[in-house]
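Note: the block below is input.txt and it holds compact mmCIF, C-alpha atoms.
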```txt
# COMPACT_ATOMS: atom_id res chain seq x y z
CA MET A 1 8.20 55.08 41.89
CA ASN A 2 6.12 58.00 43.01
CA VAL A 3 3.48 57.27 45.64
CA ASN A 4 0.92 59.95 46.50
CA GLY A 5 3.23 62.64 45.16
CA ARG A 6 6.26 61.40 47.08
CA ALA A 7 9.28 59.84 45.36
CA VAL A 8 9.98 56.40 46.76
CA THR A 9 13.07 54.30 46.14
CA ALA A 10 13.50 50.80 47.52
CA ASP A 11 15.11 47.47 46.80
CA VAL A 12 12.50 44.75 46.78
CA GLU A 13 12.43 41.04 46.19
CA PRO A 14 11.08 40.45 42.67
CA ARG A 15 8.22 38.38 44.08
CA THR A 16 6.96 41.20 46.36
CA LEU A 17 3.42 42.16 45.46
CA LEU A 18 2.66 45.85 45.05
CA VAL A 19 0.03 45.69 47.80
CA HIS A 20 2.56 44.24 50.26
CA PHE A 21 5.09 46.89 49.31
CA LEU A 22 2.55 49.66 49.89
CA ARG A 23 1.34 48.26 53.19
CA ASP A 24 4.44 46.72 54.72
CA ASP A 25 7.28 48.83 53.36
CA LEU A 26 5.52 52.19 53.07
CA GLY A 27 3.01 51.72 55.89
CA LEU A 28 0.10 52.68 53.64
CA THR A 29 -2.37 50.23 55.15
CA GLY A 30 -5.43 51.94 53.69
CA THR A 31 -5.10 49.66 50.68
CA HIS A 32 -6.71 46.41 51.78
CA ILE A 33 -5.96 42.83 50.85
CA GLY A 34 -9.08 40.85 50.11
CA CYS A 35 -8.97 37.83 47.86
CA GLU A 36 -5.42 37.91 46.39
CA THR A 37 -6.87 36.64 43.13
CA SER A 38 -7.91 39.88 41.42
CA TYR A 39 -11.53 39.18 42.18
CA CYS A 40 -12.69 41.50 44.95
CA GLY A 41 -11.05 44.84 44.19
CA ALA A 42 -10.27 45.76 47.84
CA CYS A 43 -6.63 46.36 46.81
CA THR A 44 -7.45 48.81 43.99
CA VAL A 45 -4.97 51.66 43.55
CA ILE A 46 -4.33 54.02 40.64
CA VAL A 47 -1.21 53.29 38.61
CA ASP A 48 -0.30 55.81 35.92
CA GLY A 49 -3.84 57.13 35.78
CA ARG A 50 -5.66 53.80 35.60
CA THR A 51 -7.07 51.59 38.34
CA ALA A 52 -5.14 48.42 39.09
CA LYS A 53 -5.49 45.51 41.47
CA SER A 54 -2.32 45.77 43.52
CA CYS A 55 -2.57 42.19 44.84
CA THR A 56 -1.84 40.72 41.44
CA MET A 57 0.86 43.13 40.39
CA LEU A 58 4.51 42.86 41.33
CA ALA A 59 6.07 45.89 42.99
CA VAL A 60 8.83 45.75 40.35
CA GLN A 61 6.20 46.10 37.62
CA ALA A 62 5.38 49.51 39.09
CA ASP A 63 8.98 50.66 38.77
CA GLY A 64 8.89 54.30 37.67
CA ALA A 65 5.09 54.52 37.92
CA GLU A 66 2.90 57.19 39.52
CA ILE A 67 0.74 55.57 42.16
CA THR A 68 -2.18 56.99 44.11
CA THR A 69 -3.60 55.16 47.10
CA ILE A 70 -6.54 56.08 49.32
CA GLU A 71 -4.11 58.01 51.55
CA GLY A 72 -3.26 60.28 48.63
CA LEU A 73 -6.79 61.56 48.01
CA ALA A 74 -7.48 64.00 50.82
CA ALA A 75 -5.49 67.21 50.45
CA ASP A 76 -4.63 69.20 53.59
CA GLY A 77 -7.28 67.46 55.66
CA GLU A 78 -9.98 68.20 53.09
CA LEU A 79 -11.81 65.11 51.89
CA HIS A 80 -11.75 64.28 48.19
CA PRO A 81 -15.28 64.68 46.71
CA VAL A 82 -15.60 60.89 46.40
CA GLN A 83 -14.67 60.44 50.07
CA GLU A 84 -17.15 63.16 50.96
CA GLY A 85 -19.80 61.42 48.85
CA PHE A 86 -19.29 58.12 50.70
CA TRP A 87 -19.62 60.06 53.99
CA GLU A 88 -22.68 62.10 52.97
CA ARG A 89 -24.56 59.30 51.23
CA HIS A 90 -23.62 56.52 53.63
CA GLY A 91 -21.72 54.55 50.97
CA LEU A 92 -20.26 52.05 53.39
CA GLN A 93 -21.09 49.77 56.25
CA CYS A 94 -18.16 47.64 57.43
CA GLY A 95 -15.71 49.66 55.33
CA TYR A 96 -13.51 46.83 54.14
CA CYS A 97 -14.17 47.36 50.44
CA THR A 98 -14.32 51.14 50.78
CA PRO A 99 -10.75 52.18 49.90
CA GLY A 100 -10.79 50.05 46.75
CA MET A 101 -14.32 51.14 45.91
CA ILE A 102 -13.35 54.81 46.28
CA MET A 103 -10.27 54.37 44.09
CA SER A 104 -12.39 52.73 41.39
CA ALA A 105 -14.86 55.61 41.62
CA VAL A 106 -12.02 58.13 41.29
CA GLY A 107 -10.75 56.20 38.25
CA LEU A 108 -14.22 56.15 36.71
CA LEU A 109 -14.84 59.87 37.25
CA SER A 110 -11.48 60.80 35.77
CA GLU A 111 -12.56 59.11 32.53
CA ASN A 112 -16.27 59.95 32.69
CA PRO A 113 -17.20 63.03 34.77
CA ASP A 114 -20.95 62.58 34.22
CA PRO A 115 -21.71 58.87 34.37
CA SER A 116 -25.23 57.43 34.25
CA GLU A 117 -26.26 54.96 36.95
CA ASP A 118 -25.53 52.10 34.54
CA GLU A 119 -22.09 53.50 33.80
CA ILE A 120 -21.37 53.81 37.52
CA ARG A 121 -22.39 50.20 38.11
CA HIS A 122 -20.25 49.10 35.14
CA GLY A 123 -17.37 51.20 36.49
CA ILE A 124 -17.37 49.55 39.91
CA GLU A 125 -18.03 46.03 38.64
CA GLY A 126 -14.55 44.95 39.72
CA ASN A 127 -15.19 45.82 43.36
CA ILE A 128 -17.25 43.59 45.58
CA CYS A 129 -19.17 44.86 48.60
CA ARG A 130 -20.90 42.33 50.83
CA CYS A 131 -22.71 44.85 53.05
CA THR A 132 -24.42 47.63 51.19
CA GLY A 133 -26.07 46.10 48.16
CA TYR A 134 -24.26 48.90 46.25
CA HIS A 135 -27.25 51.25 46.29
CA ASN A 136 -25.71 53.94 48.49
CA ILE A 137 -22.33 53.48 46.83
CA VAL A 138 -23.92 54.46 43.52
CA ARG A 139 -25.57 57.47 45.22
CA ALA A 140 -22.21 58.43 46.77
CA ILE A 141 -20.52 58.39 43.39
CA GLU A 142 -23.35 60.45 41.87
CA TYR A 143 -22.85 62.95 44.72
CA ALA A 144 -19.11 63.11 44.00
CA ALA A 145 -19.63 63.45 40.26
CA ALA A 146 -21.97 66.42 40.78
CA LYS A 147 -19.53 68.07 43.21
CA MET A 148 -16.61 67.58 40.85
CA ARG A 149 -18.60 69.17 38.02
CA GLY A 150 -19.26 72.13 40.28
CA GLU A 151 -22.95 71.30 40.66
CA GLU A 152 -25.14 70.87 43.71
CA PRO A 153 -25.61 67.14 44.44
CA ALA A 154 -29.18 65.84 44.53
CA PRO A 155 -30.56 65.66 48.07
CA ALA A 156 -30.22 62.36 49.90
CA GLU A 157 -33.08 59.96 49.33
CA TRP A 158 -33.84 59.77 53.04
CA GLU A 159 -34.45 63.51 53.04
CA THR A 160 -36.92 63.44 50.16
CA GLN A 161 -38.72 60.13 50.49
CA GLU A 162 -41.71 59.84 52.74
CA VAL A 163 -41.63 56.97 55.12
CA THR A 164 -44.88 55.37 56.16
CA ALA A 165 -44.98 52.80 58.91
CA MET B 1 12.45 34.26 41.20
CA GLU B 2 14.42 36.25 38.66
CA TYR B 3 12.77 39.25 37.01
CA VAL B 4 14.07 40.27 33.59
CA ARG B 5 13.02 43.60 32.14
CA PRO B 6 13.90 43.88 28.44
CA LYS B 7 13.61 47.34 26.89
CA ALA B 8 12.99 46.18 23.33
CA LEU B 9 11.59 43.19 21.47
CA GLY B 10 15.03 41.89 20.45
CA GLU B 11 16.18 41.90 24.07
CA ALA B 12 13.04 40.04 25.11
CA LEU B 13 13.60 37.34 22.51
CA ASP B 14 17.23 37.01 23.64
CA ALA B 15 16.05 36.59 27.22
CA LEU B 16 13.47 33.97 26.26
CA ALA B 17 16.18 32.04 24.40
CA ALA B 18 18.73 32.34 27.20
CA PHE B 19 16.70 30.81 30.04
CA ASP B 20 15.24 27.40 30.59
CA ASP B 21 11.44 27.66 30.70
CA PRO B 22 11.03 31.43 31.09
CA THR B 23 7.60 32.86 31.87
CA PRO B 24 6.50 35.94 29.90
CA LEU B 25 4.55 38.46 32.00
CA ALA B 26 2.30 41.08 30.39
CA GLY B 27 -0.70 42.34 32.39
CA GLY B 28 -0.34 39.49 34.87
CA THR B 29 -4.08 39.06 35.34
CA ASP B 30 -3.81 35.30 34.74
CA LEU B 31 -0.25 34.57 35.81
CA MET B 32 -0.24 36.47 39.11
CA VAL B 33 -3.42 34.74 40.27
CA GLU B 34 -1.75 31.38 39.63
CA VAL B 35 1.35 32.54 41.49
CA ASN B 36 -0.66 33.81 44.48
CA LEU B 37 -2.55 30.53 44.67
CA ASN B 38 0.75 28.64 44.56
CA HIS B 39 -0.26 26.86 41.38
CA ARG B 40 2.83 28.16 39.66
CA ARG B 41 6.29 29.13 40.83
CA PRO B 42 8.08 30.69 37.89
CA ASP B 43 11.89 30.78 38.17
CA VAL B 44 12.35 33.45 35.53
CA VAL B 45 9.78 36.08 34.63
CA VAL B 46 10.33 38.16 31.49
CA SER B 47 8.35 41.38 31.76
CA LEU B 48 6.83 42.61 28.50
CA ARG B 49 5.68 45.93 29.93
CA SER B 50 8.29 48.11 28.22
CA LEU B 51 7.91 46.65 24.75
CA ASP B 52 6.28 49.36 22.63
CA GLU B 53 6.62 47.06 19.59
CA LEU B 54 3.78 44.93 21.02
CA ARG B 55 1.34 47.84 21.31
CA ARG B 56 0.89 48.53 17.58
CA TRP B 57 -2.72 48.19 16.40
CA ASP B 58 -4.40 48.88 13.05
CA ASP B 59 -7.15 47.36 10.91
CA THR B 60 -5.15 44.25 9.98
CA TRP B 61 -2.93 43.80 13.04
CA ILE B 62 -3.41 43.78 16.81
CA GLY B 63 -0.19 43.74 18.82
CA ALA B 64 -0.01 41.26 21.68
CA GLY B 65 0.48 44.10 24.16
CA VAL B 66 -2.78 45.90 23.33
CA THR B 67 -4.95 45.96 26.45
CA PHE B 68 -8.64 45.17 26.57
CA ALA B 69 -9.23 48.74 27.79
CA ARG B 70 -7.93 49.91 24.40
CA LEU B 71 -9.88 47.24 22.54
CA GLU B 72 -13.10 48.64 24.04
CA GLY B 73 -12.65 51.39 21.45
CA ALA B 74 -12.29 48.98 18.51
CA ASP B 75 -14.04 49.68 15.19
CA ASP B 76 -15.03 46.01 14.99
CA PRO B 77 -18.31 45.91 16.95
CA ALA B 78 -17.77 42.35 18.21
CA LEU B 79 -14.24 43.15 19.39
CA ALA B 80 -15.45 46.25 21.25
CA GLN B 81 -18.34 44.29 22.76
CA LEU B 82 -16.19 41.43 24.00
CA ALA B 83 -13.53 43.76 25.35
CA ARG B 84 -16.17 45.52 27.43
CA THR B 85 -17.15 42.23 29.08
CA VAL B 86 -13.64 41.21 30.12
CA GLY B 87 -13.21 41.15 33.93
CA SER B 88 -13.57 44.67 35.31
CA PRO B 89 -11.99 48.08 34.61
CA GLN B 90 -8.88 47.14 36.61
CA ILE B 91 -8.49 43.89 34.67
CA ARG B 92 -9.12 45.52 31.29
CA ALA B 93 -6.49 48.17 32.00
CA ALA B 94 -3.86 45.47 32.56
CA ALA B 95 -4.89 42.42 30.56
CA THR B 96 -3.61 42.09 27.01
CA LEU B 97 -4.71 40.25 23.89
CA GLY B 98 -1.39 38.37 23.86
CA GLY B 99 -2.01 37.18 27.40
CA ASN B 100 -5.45 35.91 26.44
CA LEU B 101 -3.82 33.93 23.61
CA GLY B 102 -0.94 32.70 25.73
CA THR B 103 -3.12 31.46 28.59
CA ALA B 104 -5.39 29.86 25.97
CA SER B 105 -8.27 29.23 28.33
CA PRO B 106 -11.17 27.64 26.44
CA ALA B 107 -13.23 30.48 27.96
CA ALA B 108 -10.93 33.31 26.83
CA ASP B 109 -13.19 36.14 25.70
CA SER B 110 -11.23 37.26 22.64
CA LEU B 111 -10.95 33.86 21.02
CA PRO B 112 -14.42 33.53 19.45
CA PHE B 113 -13.80 36.80 17.60
CA LEU B 114 -10.34 35.74 16.45
CA ALA B 115 -11.61 32.32 15.34
CA ALA B 116 -14.59 33.79 13.49
CA ALA B 117 -12.27 36.29 11.80
CA ASP B 118 -9.81 33.51 10.85
CA ALA B 119 -6.99 35.35 12.56
CA HIS B 120 -3.38 34.22 12.40
CA VAL B 121 -1.18 34.26 15.48
CA VAL B 122 2.36 35.52 14.91
CA LEU B 123 5.16 34.14 17.09
CA LYS B 124 8.73 35.40 17.15
CA SER B 125 11.95 33.98 18.54
CA THR B 126 15.64 34.40 17.92
CA ALA B 127 15.22 31.52 15.45
CA GLY B 128 12.69 33.43 13.35
CA GLU B 129 8.96 33.95 12.92
CA ARG B 130 6.01 31.59 12.73
CA ARG B 131 2.57 32.53 11.47
CA LEU B 132 -0.16 30.11 12.53
CA ARG B 133 -3.87 30.09 11.88
CA TRP B 134 -5.88 30.16 15.13
CA ASP B 135 -6.79 26.46 14.86
CA GLU B 136 -3.13 25.53 14.38
CA PHE B 137 -2.12 27.59 17.42
CA PHE B 138 -4.59 26.25 20.02
CA VAL B 139 -4.29 22.53 20.61
CA GLY B 140 -6.17 21.96 23.90
CA PRO B 141 -7.37 23.58 27.11
CA LYS B 142 -4.62 26.05 28.07
CA GLN B 143 -2.38 24.43 25.47
CA THR B 144 -0.81 26.08 22.46
CA VAL B 145 2.07 25.21 20.14
CA ARG B 146 4.12 28.16 21.41
CA ARG B 147 7.62 27.05 22.35
CA PRO B 148 9.12 28.47 25.58
CA ASP B 149 11.57 30.58 23.54
CA GLU B 150 8.81 32.10 21.42
CA LEU B 151 6.84 35.25 22.09
CA ILE B 152 3.34 35.96 20.81
CA VAL B 153 3.81 39.30 19.05
CA GLY B 154 0.31 39.81 17.69
CA VAL B 155 -2.49 38.63 15.45
CA GLU B 156 -3.17 39.29 11.79
CA LEU B 157 -6.79 39.97 10.95
CA PRO B 158 -8.02 39.31 7.40
CA SER B 159 -10.81 41.53 6.08
CA ARG B 160 -14.09 40.76 7.78
CA PRO B 161 -17.72 41.85 7.47
CA GLU B 162 -19.10 44.77 9.46
CA ARG B 163 -22.11 42.83 10.73
CA GLN B 164 -20.78 41.41 13.97
CA ALA B 165 -22.03 40.37 17.37
CA PHE B 166 -20.55 38.89 20.53
CA ALA B 167 -22.53 37.36 23.40
CA LYS B 168 -21.66 35.35 26.46
CA VAL B 169 -23.36 33.67 29.39
CA GLY B 170 -22.12 33.77 32.98
CA VAL B 171 -23.55 33.91 36.48
CA ARG B 172 -22.86 37.65 36.90
CA GLN B 173 -22.40 40.62 34.58
CA ALA B 174 -18.73 41.04 35.47
CA MET B 175 -15.72 39.22 36.88
CA VAL B 176 -16.92 35.80 35.81
CA ILE B 177 -15.56 33.16 33.52
CA SER B 178 -18.13 32.52 30.85
CA MET B 179 -20.08 29.27 30.52
CA VAL B 180 -20.59 29.91 26.81
CA SER B 181 -19.29 32.68 24.58
CA CYS B 182 -20.05 33.29 20.95
CA CYS B 183 -19.09 35.55 18.07
CA VAL B 184 -20.96 35.83 14.77
CA LEU B 185 -19.57 37.67 11.74
CA ARG B 186 -21.93 38.03 8.79
CA ASP B 187 -21.75 39.49 5.35
CA PRO B 188 -25.14 41.09 4.51
CA SER B 189 -25.34 38.90 1.38
CA GLY B 190 -25.21 35.75 3.51
CA PRO B 191 -21.76 34.32 4.26
CA THR B 192 -21.65 33.80 8.03
CA ARG B 193 -19.06 32.59 10.49
CA VAL B 194 -19.83 31.53 14.04
CA ALA B 195 -17.27 30.65 16.72
CA LEU B 196 -17.90 29.55 20.29
CA GLY B 197 -15.83 29.45 23.47
CA SER B 198 -16.14 27.48 26.74
CA VAL B 199 -17.94 24.66 24.95
CA GLY B 200 -14.97 22.56 23.86
CA PRO B 201 -11.27 21.98 24.58
CA THR B 202 -10.46 25.02 22.46
CA VAL B 203 -12.52 27.70 20.78
CA LEU B 204 -14.38 26.10 17.88
CA ARG B 205 -16.29 27.01 14.72
CA ALA B 206 -19.78 25.60 14.17
CA THR B 207 -19.36 24.92 10.46
CA ASP B 208 -22.63 23.01 9.90
CA ALA B 209 -24.50 25.93 11.44
CA GLU B 210 -22.51 28.38 9.30
CA GLU B 211 -23.73 26.54 6.22
CA VAL B 212 -27.40 27.12 7.10
CA ALA B 213 -26.89 30.77 7.95
CA SER B 214 -24.73 31.46 4.89
CA GLN B 215 -27.25 30.26 2.32
CA ALA B 216 -29.25 33.47 1.97
CA ALA B 217 -29.35 37.18 2.68
CA ARG B 218 -32.75 36.72 4.32
CA LEU B 219 -33.22 33.99 6.86
CA THR B 220 -36.57 32.57 7.89
CA ASP B 221 -37.53 31.47 11.39
CA THR B 222 -37.09 27.89 10.20
CA ASP B 223 -33.52 28.72 9.15
CA LEU B 224 -32.83 30.26 12.55
CA ASP B 225 -34.29 27.22 14.32
CA GLU B 226 -32.06 24.97 12.25
CA PHE B 227 -29.03 27.22 12.91
CA GLN B 228 -29.65 27.03 16.66
CA ARG B 229 -30.14 23.25 16.53
CA ARG B 230 -26.90 22.74 14.59
CA VAL B 231 -24.86 24.95 16.94
CA SER B 232 -26.11 22.91 19.90
CA ALA B 233 -25.26 19.70 18.05
CA GLU B 234 -21.77 20.82 17.06
CA VAL B 235 -20.40 22.08 20.37
CA ARG B 236 -18.42 19.72 22.59
CA PRO B 237 -19.01 20.91 26.17
CA ILE B 238 -18.09 19.21 29.42
CA THR B 239 -19.65 19.36 32.87
CA ASP B 240 -17.49 21.18 35.42
CA HIS B 241 -17.89 23.41 38.49
CA ARG B 242 -19.24 26.26 36.36
CA SER B 243 -21.96 24.50 34.44
CA THR B 244 -23.22 21.24 33.03
CA ALA B 245 -22.61 20.00 29.52
CA GLU B 246 -26.38 19.91 28.91
CA TYR B 247 -26.85 23.54 29.94
CA ARG B 248 -23.88 24.69 27.87
CA ARG B 249 -25.14 22.81 24.82
CA HIS B 250 -28.56 24.46 25.11
CA ALA B 251 -27.17 27.92 25.91
CA ALA B 252 -24.71 27.74 23.00
CA GLY B 253 -27.58 27.42 20.53
CA VAL B 254 -29.53 30.21 22.20
CA VAL B 255 -26.69 32.76 22.36
CA ALA B 256 -25.50 31.93 18.84
CA ARG B 257 -29.02 32.51 17.51
CA ARG B 258 -29.30 35.80 19.40
CA ALA B 259 -25.92 36.93 18.07
CA LEU B 260 -26.97 36.02 14.53
CA GLU B 261 -30.29 37.85 14.95
CA ARG B 262 -28.39 40.95 16.03
CA CYS B 263 -26.35 40.72 12.82
CA LEU B 264 -29.57 40.55 10.77
CA ARG B 265 -31.07 43.74 12.16
```
Encoded form (structure tokens):
Amino acid sequence: MNVNGRAVTADVEPRTLLVHFLRDDLGLTGTHIGCETSYCGACTVIVDGRTAKSCTMLAVQADGAEITTIEGLAADGELHPVQEGFWERHGLQCGYCTPGMIMSAVGLLSENPDPSEDEIRHGIEGNICRCTGYHNIVRAIEYAAAKMRGEEPAPAEWETQEVTA
Amino acid sequence: MEYVRPKALGEALDALAAFDDPTPLAGGTDLMVEVNLNHRRPDVVVSLRSLDELRRWDDTWIGAGVTFARLEGADDPALAQLARTVGSPQIRAAATLGGNLGTASPAADSLPFLAAADAHVVLKSTAGERRLRWDEFFVGPKQTVRRPDELIVGVELPSRPERQAFAKVGVRQAMVISMVSCCVLRDPSGPTRVALGSVGPTVLRATDAEEVASQAARLTDTDLDEFQRRVSAEVRPITDHRSTAEYRRHAAGVVARRALERCLR
């Protein structure tokens, strides 16, 4: 298979999960293991252009596939627009769901470069975050979408909203 | 665990015939969860990933290997609607119609549509082909008449009306197993079919309710009340960790009525 642009060949036990192969054999520990039941989305990677939950996929099923993990997004030390969006719009707190959430956002934006808020929420419905309440994640993805379309992202809410105490 | 990777349908059928109790693997969204939870330990897995024969899809046929992500683009409104509610984008990209049929969960999202459309399930093996109507194929919760050497290759869809609606009830918008699901197909002149999931051992048709809805092109509020009452009376729900039988019975009538009302607009 090809992982983050690098050809990878290995002999694996048929029962090895793709997420274990990525983490344990390739050392790509950015992909997290959450629920192991396809529920939480922490293990999301991109397989042949579409998001997949790598905890419920066998490594052998990905034989010959093109895989992108969170480690494959930043090019030459430059953050991917979605990574930048999560940074700029504070799209994370503990960070556990973040790699999977970012991969889902990348998958969404590759299919829909200009999603509405509803479409963003629908696009990340397979990823669970227990910290943020999703609000800033949606803003982060809107930021990334604007950047990727070559537009200026809307200013952060905390810069435009008046706070009264 | 042995992993067999046939390149064509014939090879897959040979593999299913050659092993004792082989487990077909398509998207893996059901099977791999069971494996990870140690509920199942398959000895032989036959991967269906390379079988292009299973991905054929037209107006009268949906191959077993068609994913829910593809079905989101269906011309049948109810099929597109239900596909959109399956799991999440990751699940829809992997999960297939054949897997939904093979797992045969009473809550499987595609089944109300297939039952309302009177679909036939087509099974193939080295011994030949069987073509079974949906109610001959499903025999209980997670139980079908598929033999271990048979492969679900697709479903045949007879012609069906364009007025269609799908609705389901769950505790969240995504990644939940439904407590009630419902599909209504209606010809503008009257004839109506309604099928419900999660409210019986298998998907079921509410035939008494169909009779009320089918009687006229225009339905009165009294007709709709009676339709809702009959749906609630006909379903056979149980109480489990997701919901109570009483709630499911009530919700079945409500969602079926809403689906029918959408077909009337």
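Nearest residue to chain B among A:Val82, A:Ile102, A:Ala156, A:Val47 is A:Val47, counting all atoms listed in the file.
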Within 12 Å of chain A, which residues of chain B are there when counting all atoms listed in the file? Please give them as a PyMOL selection string. chain B and resi 1-5+25-39+41-50+69+84-95+172-177
Within 7 Å of region 233-238 of chain B, counting only C-alpha atoms, which residues qualify if same-chain residues fewer than 6 places away don't, as a list of chain:residue names? B:Val199, B:Gly200, B:Ala206, B:Thr244, B:Ala245, B:Arg248, B:Arg249
Tell me, as a compact mmCIF listing (two decimals) with C-alpha atoms, in the frame of the given file, which residues lie within 8 Å of Ile137 (chain A), counting all atoms listed in the file; anything in the same chain fewer than 6 positions away does not count.
```txt
# COMPACT_ATOMS: atom_id res chain seq x y z
CA PHE A 86 -19.29 58.12 50.70
CA ARG A 89 -24.56 59.30 51.23
CA HIS A 90 -23.62 56.52 53.63
CA GLY A 91 -21.72 54.55 50.97
CA LEU A 92 -20.26 52.05 53.39
```
What's around region 180-194 of chain B at 8 Å? Count only C-alpha atoms, leave out sequence neighbours fewer than 3 positions away in its own chain, and write the answer as a PyMOL selection string. chain B and resi 78+107+109+112-113+116-117+160-170+197-199+205-207+209-211+213-218+248+251-252+255-256+259-260+263-264
Neighbouring residues of Thr103 (chain B) were defined as those with any atom within 8 Å, considering all atoms listed in the file; residues of the same chain fewer than 3 positions away were excluded. Please report them as a VMD selection string. chain B and resid 30 99 to 100 142 to 143
Two-atom distance - CA of Thr9 (chain A), CA of Glu71 (chain A) (Å): 18.4 Å
Env of Arg56 (chain B): 10 Å cut, atoms = all atoms listed in the file, seq-sep filter 2 positions within chain, self excluded. Answer as a count of residues only. 12
Figure out the distance between CA of His80 (chain A) and CA of Thr160 (chain A), please, to one decimal in Å.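 These two atoms are separated by 25.3 Å.
If all atoms listed in the file are the atoms counted, then among A:Asp76, A:Asp25, A:Trp87, A:Tyr96 the closest residue to Cys43 (chain A) is A:Tyr96.
With distances restricted to all atoms listed in the file, A:Ala59 is the closest residue to Thr16 (chain A) from A:Cys97, A:Met1, A:Ile141, A:Ala59.
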